[in-house]
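Data block below; observations after.
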Amino acid sequence: MTKLEKIEILILDDEKEFTEELFEFLQKSGYQPFETNTYPEAKHVLENHEIDLLILDVRLPGIDGLDILKEVKVLYPNLEVVIISAHGDMDTVIKAMRLGAFDYLRKPFRHIDIQIVIERTKKYLHLQRKLKLVEERNSLISKTLEEKIDRHFIGVSRKIRDIFDSAMAAAQYPDANVLITGESGTGKENVARIIHYSSSRKDHLFCAVNSSAITDSLLESEFFGHKKGSFTGAIADKMGFFEVSNHGTLFLDEIADMPMNLQAKILRAAEEKVITRVGDTNTVRTDFRIISSTNHDIEKRVEENKFRLDLLHRLNTVHIHIPPLRERPEDIKPLLIHFTSYFAQKLNRPIAINEDVYKKLEKYAFPGNIRELRNMTERAIILCKFNSLSIEDFPLISKNSAASEASPDMVKLKSLEADMVRRALLQSKFNQKAAADILGITRDALIRKMKKYNISIGKAEN
């Protein structure tokens, strides 16, 4: 970390004598300081140098230091800011910390005070960059693709690498429909976005639709659009999902929950690429690729006559199955490092991870998969008392790890998942939204699991 050994510090204060004195001290201390007395001067330095730390006076002539803080944190999110002021206004201090300031010093301060702050900042920067290097090594997608989908795809296991290879192969065939299966929270939409943004359709819309979230009365209108006046409330012509996805990708999440009466129409649209708006007689040709996903056993839904076999064949040109996190425990460590790095920066808290956390998490079943790990990490960072995460910061683990450790090869998944749902309901005092948050799944997914395991509020108490 050569860059950090010569940490670059920008001073912005309107008092010339102060900046000169501080500049001299920082230079003698082995840092690379820059001295400015106006914001335009400071902006010029920021644009031309990789500044690590900004020492900012909160009161400058003609401009509020908090406005500067807000702007530089947007333009330079990795820049740390120490606020200084001759006034002990606690409201200002609180606002500054909420806007992302790393620390606060009141003038006049001793050189040793700023030295301590800089050293603390230096350690934080070192930790952040170390985590970032590990994270980038474990990310399977390029930085360009990552920026497009605004998500990471992280893992080191053979299984997750095979999924990535399958997604990239599917991307090369932009007309092939793809079915992605896997438990809730495994990252099915993430894989769908990788396929879309790696394909020739990447410059057109990725339209994500939750098939179970649309009311029956609006299903046909939402998918096929409608003509003005075709029904009460149709005050203007409207394009449906198939039309807006022209040249792009239509992602149908929770496809197994789609009503039977809509499935035949979806099949025809998928085969002919021609649709008719509700209340219209003219047909519209549209070119789209369908990527669908489900956390159900869709073949069982076919056997139960709840899903059309011919529609499954049409959607299942390429099938990608994402295994649950418990089946690829080697991915837990890189994912935890990534989530810790992300939330440490977002919450402005320097955080390390104790080695025992990885070992304990790898023995945990993770019924909510990656989504649960993400929520669990955020909660741990918010509630932890020190600048390192220990196993005590993951209360859900301690409650369930004993069962996992006792007979890891013999625990039945369904029994464990049902028990997890009951525990979450008890812990949340039967608040379904809170229980879903604990499990790292959506409220709809929780309700489905309650139905699946025949869990009512009364049974959860038993």
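Following the order of the structure tokens, first chain is A, next is B, and so on, with residues numbered from 1 inside each chain and ligands from 1 in the order they appear.
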
Per-residue nearest contacts of region 40-140 of chain A to region 18-32 of chain A (10 Å; only C-alpha atoms) as a Markdown table:
```
| residue | atom | partner | partner_atom | distance |
| --- | --- | --- | --- | --- |
| A:Ile51 | CA | A:Gln32 | CA | 9.3 |
| A:Asp52 | CA | A:Gln32 | CA | 9.9 |
| A:Ile55 | CA | A:Thr19 | CA | 9.9 |
| A:Pro108 | CA | A:Phe18 | CA | 9.8 |
| A:His111 | CA | A:Phe25 | CA | 7.6 |
| A:Ile114 | CA | A:Leu22 | CA | 9.3 |
| A:Gln115 | CA | A:Leu26 | CA | 8.5 |
| A:Ile118 | CA | A:Tyr31 | CA | 9.8 |
```

Excluding same-chain residues fewer than 5 positions from Thr317 (chain A), what lies within 10 Å of it counting only C-alpha atoms, as a PyMOL selection string?
chain A and resi 170+175-179+291+312

Determine the nearest neighbour of Met376 (chain A) from the options A:Gln432, A:Phe394, A:Thr281, A:Ser85, counting only C-alpha atoms.
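Smallest distance to Met376 (chain A) is found for A:Phe394.
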
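Summary of the local environment: counting only C-alpha atoms, residues at most 8 Å from Ala167 (chain A), other than itself and those fewer than 4 positions away along its chain, are A:Ile163, A:Ala171, A:Val191, A:Ala192, A:Ile194, A:Ile195, A:Ile320.
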
Considering only C-alpha atoms, state which residue in the set A:Asp237, A:Glu47, A:Glu8, A:Asp162 is at the smallest distance from Ile322 (chain A).
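Distance minimum relative to Ile322 (chain A) lands on A:Asp162.
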
Residue contacts of Val278 (chain A) (7 Å, only C-alpha atoms) excluding same-chain residues fewer than 2 positions away, as a list in words:
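Everything that qualifies: Ser221, Phe224, Gly225, His226, Lys227, Ser230, Thr276 and Asp280 of chain A.
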
I'd like to know which residues of region 247-297 of chain A are alpha helix (DSSP H) (by DSSP, run on the backbone); could you write them as a ChimeraX atom specification?
/A:260-272

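Reported to one decimal place, the separation of CA of Asp113 (chain A) from CA of Pro61 (chain A) is 25.6 Å.
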
Taking only C-alpha atoms into account, name the residue in A:Ile381, A:Val117, A:Ala96, A:Ile391 that is nearest to Gln345 (chain A).
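Among A:Ile381, A:Val117, A:Ala96, A:Ile391, it is A:Ile381 that comes nearest to Gln345 (chain A).
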
Under the rule that only C-alpha atoms are counted, which of A:Asp57, A:Asp287, A:Asp13, A:Asp64 is the nearest residue to Pro174 (chain A)?
A:Asp287

According to DSSP computed on the backbone, where in region 22-196 of chain A is there strand (DSSP E or B)? Give the residues as a VMD selection string.
chain A and resid 32 to 36 53 to 57 59 to 60 63 to 64 80 to 85 103 to 106 139 154 178 to 181

I want to know what sits within 7 Å of Ile275 (chain A), based on only C-alpha atoms, with residues of the same chain fewer than 2 positions away left out; could you give that as a short mmCIF file (atom, residue, chain, number, x, y, z; two decimals) with C-alpha atoms, in the first residue's frame?
```
data_model
loop_
_atom_site.label_atom_id
_atom_site.label_comp_id
_atom_site.auth_asym_id
_atom_site.auth_seq_id
_atom_site.Cartn_x
_atom_site.Cartn_y
_atom_site.Cartn_z
CA PHE A 224 -50.56 -6.47 -23.58
CA ALA A 269 -47.02 -13.98 -27.48
CA LYS A 273 -43.93 -12.18 -31.05
CA ARG A 277 -53.85 -4.51 -26.99
CA THR A 283 -51.78 -6.41 -33.97
CA VAL A 284 -48.37 -5.15 -32.89
CA ARG A 285 -45.13 -6.98 -33.70
#
```

From the list A:Ser198, A:Lys159, A:Asp393, A:Asn246, which residue is nearest Glu327 (chain A) when using only C-alpha atoms?
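Comparing A:Ser198, A:Lys159, A:Asp393, A:Asn246 against Glu327 (chain A), the winner is A:Lys159.
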
Atom pair CA of Leu54 (chain A) / CA of Lys122 (chain A): separation (Å)
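So the answer is 12.4 Å.
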
Test item: residues at most 10 Å from Lys433 (chain A), only C-alpha atoms, excluding those fewer than 5 positions along its chain, as an mmCIF file with C-alpha atoms, in the first residue's frame:
```
data_model
loop_
_atom_site.group_PDB
_atom_site.id
_atom_site.type_symbol
_atom_site.label_atom_id
_atom_site.label_comp_id
_atom_site.auth_asym_id
_atom_site.auth_seq_id
_atom_site.Cartn_x
_atom_site.Cartn_y
_atom_site.Cartn_z
ATOM 1 C CA LEU A 425 -42.284 -15.270 13.713
ATOM 2 C CA SER A 428 -40.801 -10.665 15.633
ATOM 3 C CA ILE A 438 -35.075 -11.445 9.872
ATOM 4 C CA ILE A 441 -36.833 -12.730 2.298
ATOM 5 C CA THR A 442 -39.872 -10.798 1.085
ATOM 6 C CA ARG A 443 -43.185 -10.819 2.975
ATOM 7 C CA ASP A 444 -44.825 -12.636 0.023
ATOM 8 C CA LEU A 446 -42.720 -15.690 3.952
ATOM 9 C CA ILE A 447 -46.465 -16.131 3.437
#
```

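Restricting the calculation to only C-alpha atoms, the smallest distance between Glu80 (chain A) and any of A:Leu205, A:Ile7, A:Leu60, A:Ala256 is found for A:Ile7.
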